[in-house]
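Source file my_file_4.cif; content: mmCIF, N, CA and C atoms.
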```
data_coords
loop_
_atom_site.group_PDB
_atom_site.id
_atom_site.type_symbol
_atom_site.label_atom_id
_atom_site.label_comp_id
_atom_site.auth_asym_id
_atom_site.auth_seq_id
_atom_site.Cartn_x
_atom_site.Cartn_y
_atom_site.Cartn_z
ATOM 1 N N MET J 6 -24.648 5.993 4.470
ATOM 2 C CA MET J 6 -23.333 5.758 3.917
ATOM 3 C C MET J 6 -22.299 6.459 4.799
ATOM 4 N N SER J 7 -21.246 5.759 5.128
ATOM 5 C CA SER J 7 -20.220 6.343 5.985
ATOM 6 C C SER J 7 -19.147 7.036 5.151
ATOM 7 N N LEU J 8 -18.558 8.054 5.738
ATOM 8 C CA LEU J 8 -17.500 8.812 5.083
ATOM 9 C C LEU J 8 -16.181 8.078 5.280
ATOM 10 N N ARG J 9 -15.425 7.928 4.191
ATOM 11 C CA ARG J 9 -14.113 7.294 4.262
ATOM 12 C C ARG J 9 -13.035 8.364 4.147
ATOM 13 N N PHE J 10 -11.856 8.058 4.662
ATOM 14 C CA PHE J 10 -10.749 9.004 4.603
ATOM 15 C C PHE J 10 -10.491 9.472 3.173
ATOM 16 N N GLY J 11 -10.520 8.535 2.222
ATOM 17 C CA GLY J 11 -10.262 8.873 0.825
ATOM 18 C C GLY J 11 -11.240 9.882 0.251
ATOM 19 N N ASP J 12 -12.410 9.990 0.884
ATOM 20 C CA ASP J 12 -13.421 10.942 0.421
ATOM 21 C C ASP J 12 -13.110 12.373 0.862
ATOM 22 N N THR J 13 -12.117 12.557 1.721
ATOM 23 C CA THR J 13 -11.823 13.892 2.258
ATOM 24 C C THR J 13 -10.520 14.492 1.733
ATOM 25 N N ILE J 14 -9.771 13.730 0.945
ATOM 26 C CA ILE J 14 -8.483 14.229 0.439
ATOM 27 C C ILE J 14 -8.730 15.359 -0.561
ATOM 28 N N PRO J 15 -8.115 16.513 -0.334
ATOM 29 C CA PRO J 15 -8.314 17.658 -1.243
ATOM 30 C C PRO J 15 -7.345 17.633 -2.422
ATOM 31 N N TYR J 16 -7.698 16.924 -3.486
ATOM 32 C CA TYR J 16 -6.820 16.855 -4.651
ATOM 33 C C TYR J 16 -6.726 18.222 -5.313
ATOM 34 N N GLN J 17 -5.528 18.555 -5.753
ATOM 35 C CA GLN J 17 -5.289 19.850 -6.374
ATOM 36 C C GLN J 17 -4.842 19.670 -7.815
ATOM 37 N N THR J 18 -5.008 20.730 -8.599
ATOM 38 C CA THR J 18 -4.607 20.710 -10.005
ATOM 39 C C THR J 18 -3.900 22.024 -10.340
ATOM 40 N N PRO J 19 -3.120 22.013 -11.396
ATOM 41 C CA PRO J 19 -2.549 23.281 -11.874
ATOM 42 C C PRO J 19 -3.657 24.102 -12.535
ATOM 43 N N GLU J 20 -3.356 25.345 -12.855
ATOM 44 C CA GLU J 20 -4.348 26.212 -13.508
ATOM 45 C C GLU J 20 -4.721 25.708 -14.896
ATOM 46 N N SER J 21 -3.731 25.209 -15.632
ATOM 47 C CA SER J 21 -4.002 24.687 -16.971
ATOM 48 C C SER J 21 -2.966 23.622 -17.303
ATOM 49 N N LEU J 22 -3.291 22.787 -18.265
ATOM 50 C CA LEU J 22 -2.309 21.794 -18.703
ATOM 51 C C LEU J 22 -1.153 22.469 -19.428
ATOM 52 N N ASP J 23 -1.409 23.619 -20.023
ATOM 53 C CA ASP J 23 -0.337 24.352 -20.706
ATOM 54 C C ASP J 23 0.707 24.877 -19.730
ATOM 55 N N ALA J 24 0.374 24.919 -18.436
ATOM 56 C CA ALA J 24 1.329 25.369 -17.415
ATOM 57 C C ALA J 24 2.347 24.286 -17.075
ATOM 58 N N LEU J 25 2.121 23.053 -17.544
ATOM 59 C CA LEU J 25 3.008 21.941 -17.212
ATOM 60 C C LEU J 25 4.256 21.994 -18.088
ATOM 61 N N HIS J 26 5.384 22.243 -17.464
ATOM 62 C CA HIS J 26 6.641 22.408 -18.204
ATOM 63 C C HIS J 26 7.792 21.644 -17.544
ATOM 64 N N GLY J 27 7.468 20.472 -17.014
ATOM 65 C CA GLY J 27 8.472 19.685 -16.298
ATOM 66 C C GLY J 27 9.400 18.918 -17.208
ATOM 67 N N PRO J 28 10.362 18.236 -16.615
ATOM 68 C CA PRO J 28 11.355 17.476 -17.381
ATOM 69 C C PRO J 28 10.725 16.266 -18.072
ATOM 70 N N THR J 29 11.354 15.829 -19.143
ATOM 71 C CA THR J 29 10.871 14.653 -19.874
ATOM 72 C C THR J 29 11.871 13.498 -19.815
ATOM 73 N N SER J 30 12.976 13.701 -19.124
ATOM 74 C CA SER J 30 13.958 12.633 -18.959
ATOM 75 C C SER J 30 14.814 12.924 -17.738
ATOM 76 N N GLY J 31 15.555 11.906 -17.341
ATOM 77 C CA GLY J 31 16.492 12.080 -16.236
ATOM 78 C C GLY J 31 15.922 11.670 -14.891
ATOM 79 N N ARG J 32 16.642 12.075 -13.860
ATOM 80 C CA ARG J 32 16.251 11.777 -12.480
ATOM 81 C C ARG J 32 15.631 13.023 -11.880
ATOM 82 N N VAL J 33 14.501 12.837 -11.208
ATOM 83 C CA VAL J 33 13.746 13.969 -10.661
ATOM 84 C C VAL J 33 13.499 13.739 -9.174
ATOM 85 N N ARG J 34 13.870 14.715 -8.363
ATOM 86 C CA ARG J 34 13.648 14.664 -6.910
ATOM 87 C C ARG J 34 12.320 15.352 -6.600
ATOM 88 N N VAL J 35 11.563 14.749 -5.675
ATOM 89 C CA VAL J 35 10.283 15.322 -5.277
ATOM 90 C C VAL J 35 10.263 15.589 -3.777
ATOM 91 N N SER J 36 9.287 16.356 -3.351
ATOM 92 C CA SER J 36 9.108 16.675 -1.931
ATOM 93 C C SER J 36 8.650 15.452 -1.156
ATOM 94 N N ALA J 37 8.868 15.495 0.150
ATOM 95 C CA ALA J 37 8.507 14.363 1.014
ATOM 96 C C ALA J 37 7.004 14.102 1.039
ATOM 97 N N HIS J 38 6.171 15.110 0.806
ATOM 98 C CA HIS J 38 4.725 14.850 0.822
ATOM 99 C C HIS J 38 4.271 14.150 -0.464
ATOM 100 N N ILE J 39 5.126 14.109 -1.478
ATOM 101 C CA ILE J 39 4.824 13.360 -2.703
ATOM 102 C C ILE J 39 5.339 11.935 -2.586
ATOM 103 N N CYS J 40 6.529 11.774 -2.037
ATOM 104 C CA CYS J 40 7.130 10.446 -1.870
ATOM 105 C C CYS J 40 7.883 10.416 -0.546
ATOM 106 N N THR J 41 7.523 9.482 0.310
ATOM 107 C CA THR J 41 8.139 9.418 1.637
ATOM 108 C C THR J 41 9.362 8.505 1.694
ATOM 109 N N ALA J 42 9.828 8.031 0.548
ATOM 110 C CA ALA J 42 11.029 7.188 0.524
ATOM 111 C C ALA J 42 12.228 7.980 1.025
ATOM 112 N N PRO J 43 13.216 7.305 1.610
ATOM 113 C CA PRO J 43 14.404 8.009 2.096
ATOM 114 C C PRO J 43 15.097 8.812 0.994
ATOM 115 N N GLU J 44 15.057 8.333 -0.220
ATOM 116 C CA GLU J 44 15.649 9.020 -1.374
ATOM 117 C C GLU J 44 14.520 9.233 -2.399
ATOM 118 N N PRO J 45 13.764 10.334 -2.278
ATOM 119 C CA PRO J 45 12.582 10.543 -3.137
ATOM 120 C C PRO J 45 12.950 11.015 -4.550
ATOM 121 N N VAL J 46 13.623 10.132 -5.286
ATOM 122 C CA VAL J 46 14.082 10.446 -6.636
ATOM 123 C C VAL J 46 13.505 9.413 -7.602
ATOM 124 N N TYR J 47 12.987 9.888 -8.717
ATOM 125 C CA TYR J 47 12.434 9.018 -9.752
ATOM 126 C C TYR J 47 13.293 9.128 -11.007
ATOM 127 N N ASP J 48 13.633 7.993 -11.595
ATOM 128 C CA ASP J 48 14.314 7.964 -12.886
ATOM 129 C C ASP J 48 13.224 7.860 -13.948
ATOM 130 N N ILE J 49 12.841 9.002 -14.525
ATOM 131 C CA ILE J 49 11.710 8.996 -15.453
ATOM 132 C C ILE J 49 12.082 8.501 -16.849
ATOM 133 N N ASP J 50 13.323 8.074 -17.033
ATOM 134 C CA ASP J 50 13.692 7.408 -18.282
ATOM 135 C C ASP J 50 13.200 5.956 -18.279
ATOM 136 N N ARG J 51 12.875 5.442 -17.114
ATOM 137 C CA ARG J 51 12.358 4.075 -16.985
ATOM 138 C C ARG J 51 10.826 4.143 -16.998
ATOM 139 N N PRO J 52 10.162 3.499 -17.949
ATOM 140 C CA PRO J 52 8.703 3.623 -18.095
ATOM 141 C C PRO J 52 7.900 3.355 -16.826
ATOM 142 N N ALA J 53 8.233 2.323 -16.071
ATOM 143 C CA ALA J 53 7.473 2.027 -14.851
ATOM 144 C C ALA J 53 7.651 3.133 -13.814
ATOM 145 N N ARG J 54 8.859 3.632 -13.683
ATOM 146 C CA ARG J 54 9.114 4.726 -12.722
ATOM 147 C C ARG J 54 8.453 6.023 -13.199
ATOM 148 N N ARG J 55 8.407 6.232 -14.504
ATOM 149 C CA ARG J 55 7.743 7.412 -15.052
ATOM 150 C C ARG J 55 6.253 7.397 -14.696
ATOM 151 N N ARG J 56 5.594 6.254 -14.873
ATOM 152 C CA ARG J 56 4.172 6.140 -14.517
ATOM 153 C C ARG J 56 3.971 6.348 -13.023
ATOM 154 N N SER J 57 4.857 5.773 -12.224
ATOM 155 C CA SER J 57 4.773 5.933 -10.771
ATOM 156 C C SER J 57 4.958 7.397 -10.375
ATOM 157 N N PHE J 58 5.934 8.053 -10.986
ATOM 158 C CA PHE J 58 6.206 9.467 -10.738
ATOM 159 C C PHE J 58 4.991 10.328 -11.090
ATOM 160 N N TYR J 59 4.446 10.133 -12.280
ATOM 161 C CA TYR J 59 3.297 10.927 -12.703
ATOM 162 C C TYR J 59 2.089 10.674 -11.812
ATOM 163 N N SER J 60 1.856 9.424 -11.433
ATOM 164 C CA SER J 60 0.746 9.114 -10.526
ATOM 165 C C SER J 60 0.921 9.852 -9.202
ATOM 166 N N ALA J 61 2.125 9.820 -8.647
ATOM 167 C CA ALA J 61 2.393 10.460 -7.355
ATOM 168 C C ALA J 61 2.235 11.973 -7.428
ATOM 169 N N VAL J 62 2.756 12.592 -8.474
ATOM 170 C CA VAL J 62 2.697 14.062 -8.573
ATOM 171 C C VAL J 62 1.266 14.531 -8.844
ATOM 172 N N VAL J 63 0.543 13.823 -9.710
ATOM 173 C CA VAL J 63 -0.862 14.181 -9.953
ATOM 174 C C VAL J 63 -1.649 14.049 -8.658
ATOM 175 N N ARG J 64 -1.448 12.971 -7.940
ATOM 176 C CA ARG J 64 -2.210 12.677 -6.733
ATOM 177 C C ARG J 64 -1.821 13.574 -5.559
ATOM 178 N N ASP J 65 -0.534 13.788 -5.331
ATOM 179 C CA ASP J 65 -0.082 14.418 -4.093
ATOM 180 C C ASP J 65 0.611 15.763 -4.258
ATOM 181 N N GLY J 66 0.877 16.163 -5.483
ATOM 182 C CA GLY J 66 1.598 17.413 -5.694
ATOM 183 C C GLY J 66 0.721 18.645 -5.518
ATOM 184 N N LEU J 67 1.351 19.732 -5.148
ATOM 185 C CA LEU J 67 0.687 21.036 -5.102
ATOM 186 C C LEU J 67 0.724 21.622 -6.514
ATOM 187 N N PRO J 68 -0.170 22.544 -6.830
ATOM 188 C CA PRO J 68 -0.226 23.072 -8.196
ATOM 189 C C PRO J 68 1.110 23.577 -8.745
ATOM 190 N N ASP J 69 1.899 24.282 -7.932
ATOM 191 C CA ASP J 69 3.184 24.784 -8.434
ATOM 192 C C ASP J 69 4.159 23.640 -8.681
ATOM 193 N N GLU J 70 4.095 22.593 -7.861
ATOM 194 C CA GLU J 70 4.948 21.420 -8.082
ATOM 195 C C GLU J 70 4.504 20.668 -9.336
ATOM 196 N N GLN J 71 3.212 20.535 -9.528
ATOM 197 C CA GLN J 71 2.695 19.861 -10.717
ATOM 198 C C GLN J 71 3.173 20.586 -11.975
ATOM 199 N N ALA J 72 3.108 21.924 -11.955
ATOM 200 C CA ALA J 72 3.551 22.694 -13.116
ATOM 201 C C ALA J 72 5.045 22.507 -13.374
ATOM 202 N N ALA J 73 5.829 22.447 -12.322
ATOM 203 C CA ALA J 73 7.283 22.332 -12.469
ATOM 204 C C ALA J 73 7.743 20.910 -12.762
ATOM 205 N N LEU J 74 6.972 19.905 -12.356
ATOM 206 C CA LEU J 74 7.426 18.519 -12.467
ATOM 207 C C LEU J 74 6.802 17.734 -13.618
ATOM 208 N N LEU J 75 5.599 18.118 -14.035
ATOM 209 C CA LEU J 75 4.906 17.383 -15.083
ATOM 210 C C LEU J 75 5.060 18.068 -16.430
ATOM 211 N N ASP J 76 5.063 17.267 -17.476
ATOM 212 C CA ASP J 76 5.096 17.777 -18.845
ATOM 213 C C ASP J 76 3.734 17.477 -19.479
ATOM 214 N N ARG J 77 3.144 18.469 -20.126
ATOM 215 C CA ARG J 77 1.803 18.335 -20.686
ATOM 216 C C ARG J 77 1.677 17.129 -21.625
ATOM 217 N N ASP J 78 2.549 17.029 -22.607
ATOM 218 C CA ASP J 78 2.452 15.946 -23.581
ATOM 219 C C ASP J 78 2.650 14.579 -22.937
ATOM 220 N N MET J 79 3.577 14.511 -21.996
ATOM 221 C CA MET J 79 3.824 13.242 -21.325
ATOM 222 C C MET J 79 2.625 12.862 -20.453
ATOM 223 N N LEU J 80 2.003 13.844 -19.803
ATOM 224 C CA LEU J 80 0.817 13.566 -19.005
ATOM 225 C C LEU J 80 -0.296 12.995 -19.879
ATOM 226 N N LEU J 81 -0.515 13.606 -21.032
ATOM 227 C CA LEU J 81 -1.559 13.111 -21.940
ATOM 228 C C LEU J 81 -1.255 11.682 -22.393
ATOM 229 N N GLU J 82 0.003 11.395 -22.642
ATOM 230 C CA GLU J 82 0.401 10.047 -23.068
ATOM 231 C C GLU J 82 0.206 9.023 -21.951
ATOM 232 N N LEU J 83 0.546 9.410 -20.728
ATOM 233 C CA LEU J 83 0.509 8.480 -19.604
ATOM 234 C C LEU J 83 -0.852 8.384 -18.916
ATOM 235 N N TRP J 84 -1.709 9.395 -19.099
ATOM 236 C CA TRP J 84 -2.966 9.489 -18.359
ATOM 237 C C TRP J 84 -3.747 8.162 -18.297
ATOM 238 N N PRO J 85 -3.928 7.453 -19.403
ATOM 239 C CA PRO J 85 -4.719 6.219 -19.337
ATOM 240 C C PRO J 85 -4.155 5.156 -18.398
ATOM 241 N N ASP J 86 -2.851 5.203 -18.132
ATOM 242 C CA ASP J 86 -2.193 4.167 -17.341
ATOM 243 C C ASP J 86 -1.830 4.598 -15.924
ATOM 244 N N LEU J 87 -2.188 5.819 -15.534
ATOM 245 C CA LEU J 87 -1.840 6.277 -14.190
ATOM 246 C C LEU J 87 -2.718 5.595 -13.155
ATOM 247 N N ASN J 88 -2.094 5.220 -12.062
ATOM 248 C CA ASN J 88 -2.799 4.579 -10.952
ATOM 249 C C ASN J 88 -3.238 5.679 -9.983
ATOM 250 N N LEU J 89 -4.493 6.106 -10.123
ATOM 251 C CA LEU J 89 -5.005 7.229 -9.345
ATOM 252 C C LEU J 89 -6.287 6.848 -8.615
ATOM 253 N N PRO J 90 -6.492 7.425 -7.436
ATOM 254 C CA PRO J 90 -7.784 7.245 -6.781
ATOM 255 C C PRO J 90 -8.897 7.819 -7.670
ATOM 256 N N ARG J 91 -10.035 7.207 -7.625
ATOM 257 C CA ARG J 91 -11.162 7.621 -8.465
ATOM 258 C C ARG J 91 -11.453 9.125 -8.341
ATOM 259 N N ARG J 92 -11.516 9.630 -7.107
ATOM 260 C CA ARG J 92 -11.815 11.057 -6.911
ATOM 261 C C ARG J 92 -10.731 11.957 -7.490
ATOM 262 N N CYS J 93 -9.494 11.530 -7.430
ATOM 263 C CA CYS J 93 -8.404 12.316 -8.003
ATOM 264 C C CYS J 93 -8.582 12.401 -9.517
ATOM 265 N N ARG J 94 -8.816 11.256 -10.141
ATOM 266 C CA ARG J 94 -9.022 11.244 -11.594
ATOM 267 C C ARG J 94 -10.231 12.106 -11.964
ATOM 268 N N GLU J 95 -11.303 12.005 -11.195
ATOM 269 C CA GLU J 95 -12.503 12.805 -11.461
ATOM 270 C C GLU J 95 -12.236 14.303 -11.309
ATOM 271 N N THR J 96 -11.433 14.675 -10.324
ATOM 272 C CA THR J 96 -11.085 16.088 -10.125
ATOM 273 C C THR J 96 -10.349 16.628 -11.343
ATOM 274 N N TRP J 97 -9.388 15.863 -11.830
ATOM 275 C CA TRP J 97 -8.602 16.300 -12.987
ATOM 276 C C TRP J 97 -9.440 16.318 -14.262
ATOM 277 N N THR J 98 -10.259 15.303 -14.483
ATOM 278 C CA THR J 98 -11.046 15.266 -15.719
ATOM 279 C C THR J 98 -12.147 16.317 -15.706
ATOM 280 N N ALA J 99 -12.647 16.695 -14.533
ATOM 281 C CA ALA J 99 -13.646 17.764 -14.456
ATOM 282 C C ALA J 99 -13.025 19.102 -14.852
ATOM 283 N N LYS J 100 -11.777 19.317 -14.470
ATOM 284 C CA LYS J 100 -11.103 20.580 -14.791
ATOM 285 C C LYS J 100 -10.537 20.585 -16.211
ATOM 286 N N PHE J 101 -10.077 19.419 -16.668
ATOM 287 C CA PHE J 101 -9.438 19.315 -17.983
ATOM 288 C C PHE J 101 -10.184 18.287 -18.833
ATOM 289 N N PRO J 102 -11.234 18.702 -19.542
ATOM 290 C CA PRO J 102 -12.060 17.767 -20.310
ATOM 291 C C PRO J 102 -11.279 16.919 -21.315
ATOM 292 N N GLU J 103 -10.134 17.415 -21.810
ATOM 293 C CA GLU J 103 -9.355 16.624 -22.766
ATOM 294 C C GLU J 103 -8.850 15.324 -22.140
ATOM 295 N N LEU J 104 -8.676 15.311 -20.821
ATOM 296 C CA LEU J 104 -8.264 14.077 -20.145
ATOM 297 C C LEU J 104 -9.412 13.067 -20.108
ATOM 298 N N ALA J 105 -10.626 13.573 -19.986
ATOM 299 C CA ALA J 105 -11.796 12.693 -19.931
ATOM 300 C C ALA J 105 -12.002 11.950 -21.247
ATOM 301 N N LEU J 106 -11.462 12.473 -22.335
ATOM 302 C CA LEU J 106 -11.619 11.837 -23.646
ATOM 303 C C LEU J 106 -10.661 10.667 -23.850
ATOM 304 N N LEU J 107 -9.658 10.559 -22.976
ATOM 305 C CA LEU J 107 -8.659 9.498 -23.128
ATOM 306 C C LEU J 107 -9.147 8.220 -22.450
ATOM 307 N N PRO J 108 -8.888 7.068 -23.047
ATOM 308 C CA PRO J 108 -9.311 5.804 -22.429
ATOM 309 C C PRO J 108 -8.527 5.561 -21.150
ATOM 310 N N VAL J 109 -9.150 4.938 -20.169
ATOM 311 C CA VAL J 109 -8.476 4.625 -18.916
ATOM 312 C C VAL J 109 -8.209 3.125 -18.874
ATOM 313 N N ARG J 110 -6.926 2.780 -18.734
ATOM 314 C CA ARG J 110 -6.541 1.374 -18.666
ATOM 315 C C ARG J 110 -6.168 0.957 -17.255
ATOM 316 N N ALA J 111 -5.774 1.915 -16.426
ATOM 317 C CA ALA J 111 -5.387 1.600 -15.042
ATOM 318 C C ALA J 111 -6.635 1.411 -14.178
ATOM 319 N N LEU J 112 -6.497 0.601 -13.154
ATOM 320 C CA LEU J 112 -7.601 0.421 -12.221
ATOM 321 C C LEU J 112 -7.694 1.597 -11.276
ATOM 322 N N ALA J 113 -8.893 2.079 -11.035
ATOM 323 C CA ALA J 113 -9.083 3.160 -10.054
ATOM 324 C C ALA J 113 -9.022 2.558 -8.655
ATOM 325 N N VAL J 114 -8.407 3.283 -7.759
ATOM 326 C CA VAL J 114 -8.324 2.822 -6.370
ATOM 327 C C VAL J 114 -9.200 3.675 -5.486
#
```
Any chance you could give the structure as structure tokens?
Amino acid sequence: MSLRFGDTIPYQTPESLDALHGPTSGRVRVSAHICTAPEPVYDIDRPARRRSFYSAVVRDGLPDEQAALLDRDMLLELWPDLNLPRRCRETWTAKFPELALLPVRALAV
């Protein structure tokens, strides 16, 4: 079996879900390593952008960014619909078993 690039990405997580104290509305700016768009701002009042924002921060954020940008309750609500690579989802569910109990509706990439 050959190694793929996706198999080497070091996904990170915050220390606990209780550490997540991010905004629940408004426009949120992220770092360039989370979103490479010229204007890396998400309007999380829009459901599709909220899911996109949460997927990007879970997948590409550093633990301190995840804590500052994500909200625990919103993450639990959105988790089933986040578009995440399989290994990323597995990393998070291994650390936070409560996420593993939620149904997954999004396709793993």
Would you list, as a list in words, the residues of chain J that end up in strand (DSSP E or B) under DSSP run on this structure's backbone?
->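 Listing strand (DSSP E or B) positions across chain J yields His26, Arg32, Val33, Arg34, Val46, Tyr47, Asp48 and Asp76 of chain J.
You will find atom CA of Arg94 of chain J at 13.7 Å from atom CA of Pro19 of chain J.
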For Ala37 of chain J, which residue among J:Cys93, J:Ala73, J:Leu87, J:Leu67 is the nearest when counting only C-alpha atoms?
->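 Closest residue, counting only C-alpha atoms: J:Leu67.
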Given the file above and the PyMOL selection byres ((chain J and resi 97-112) around 8), which residues are selected, and can you give them as a PyMOL selection string?
-> chain J and resi 16-18+20-22+81+84-96+113-114
List every protein, DNA or RNA residue that has at least one atom no more than 8 Å from (1.7, 20.0, -11.7) in the file's coordinates, counting all atoms listed in the file, and write the result as a tab-separated table (two decimals) with N, CA and C atoms, keeping the file's coordinate frame.
```tsv
chain	number	residue	atom	x	y	z
J	17	GLN	N	-5.53	18.56	-5.75
J	17	GLN	CA	-5.29	19.85	-6.37
J	17	GLN	C	-4.84	19.67	-7.82
J	18	THR	N	-5.01	20.73	-8.60
J	18	THR	CA	-4.61	20.71	-10.01
J	18	THR	C	-3.90	22.02	-10.34
J	19	PRO	N	-3.12	22.01	-11.40
J	19	PRO	CA	-2.55	23.28	-11.87
J	19	PRO	C	-3.66	24.10	-12.54
J	20	GLU	N	-3.36	25.34	-12.86
J	20	GLU	CA	-4.35	26.21	-13.51
J	20	GLU	C	-4.72	25.71	-14.90
J	24	ALA	N	0.37	24.92	-18.44
J	24	ALA	CA	1.33	25.37	-17.42
J	24	ALA	C	2.35	24.29	-17.08
J	25	LEU	N	2.12	23.05	-17.54
J	25	LEU	CA	3.01	21.94	-17.21
J	25	LEU	C	4.26	21.99	-18.09
J	26	HIS	N	5.38	22.24	-17.46
J	26	HIS	CA	6.64	22.41	-18.20
J	26	HIS	C	7.79	21.64	-17.54
J	27	GLY	N	7.47	20.47	-17.01
J	27	GLY	CA	8.47	19.68	-16.30
J	27	GLY	C	9.40	18.92	-17.21
J	62	VAL	N	2.76	12.59	-8.47
J	62	VAL	CA	2.70	14.06	-8.57
J	62	VAL	C	1.27	14.53	-8.84
J	63	VAL	N	0.54	13.82	-9.71
J	63	VAL	CA	-0.86	14.18	-9.95
J	63	VAL	C	-1.65	14.05	-8.66
J	66	GLY	N	0.88	16.16	-5.48
J	66	GLY	CA	1.60	17.41	-5.69
J	66	GLY	C	0.72	18.64	-5.52
J	67	LEU	N	1.35	19.73	-5.15
J	67	LEU	CA	0.69	21.04	-5.10
J	67	LEU	C	0.72	21.62	-6.51
J	68	PRO	N	-0.17	22.54	-6.83
J	68	PRO	CA	-0.23	23.07	-8.20
J	68	PRO	C	1.11	23.58	-8.74
J	69	ASP	N	1.90	24.28	-7.93
J	69	ASP	CA	3.18	24.78	-8.43
J	69	ASP	C	4.16	23.64	-8.68
J	70	GLU	N	4.10	22.59	-7.86
J	70	GLU	CA	4.95	21.42	-8.08
J	70	GLU	C	4.50	20.67	-9.34
J	71	GLN	N	3.21	20.54	-9.53
J	71	GLN	CA	2.70	19.86	-10.72
J	71	GLN	C	3.17	20.59	-11.98
J	72	ALA	N	3.11	21.92	-11.96
J	72	ALA	CA	3.55	22.69	-13.12
J	72	ALA	C	5.04	22.51	-13.37
J	73	ALA	N	5.83	22.45	-12.32
J	73	ALA	CA	7.28	22.33	-12.47
J	73	ALA	C	7.74	20.91	-12.76
J	74	LEU	N	6.97	19.90	-12.36
J	74	LEU	CA	7.43	18.52	-12.47
J	74	LEU	C	6.80	17.73	-13.62
J	75	LEU	N	5.60	18.12	-14.04
J	75	LEU	CA	4.91	17.38	-15.08
J	75	LEU	C	5.06	18.07	-16.43
J	76	ASP	N	5.06	17.27	-17.48
J	76	ASP	CA	5.10	17.78	-18.84
J	76	ASP	C	3.73	17.48	-19.48
```
Extract the full set of alpha helix (DSSP H) residues from chain J according to DSSP on the backbone, and format it as a ChimeraX atom specification.
-> /J:52-65,68-74,77-83,91-100,102-105
Atom C of Leu83 of chain J to atom CA of Cys40 of chain J, straight-line distance in Å = 18.9 Å
Calculate, to one decimal in Å, the centre and edge lengths of the box along x, y and z of the file that holds all listed atoms of segment 98-108 of chain J with 3 Å of margin on each side, and present them as lines of an AutoDock Vina configuration file.
```
center_x = -11.0
center_y = 13.1
center_z = -19.2
size_x = 11.4
size_y = 21.0
size_z = 15.4
```
d(atom N of Arg64 of chain J, atom CA of Ser7 of chain J) in Å = 24.3 Å
Result set, the PyMOL selection byres ((chain J and resi 32) around 7) on current file, as a PyMOL selection string = chain J and resi 30-31+33-34+46-50
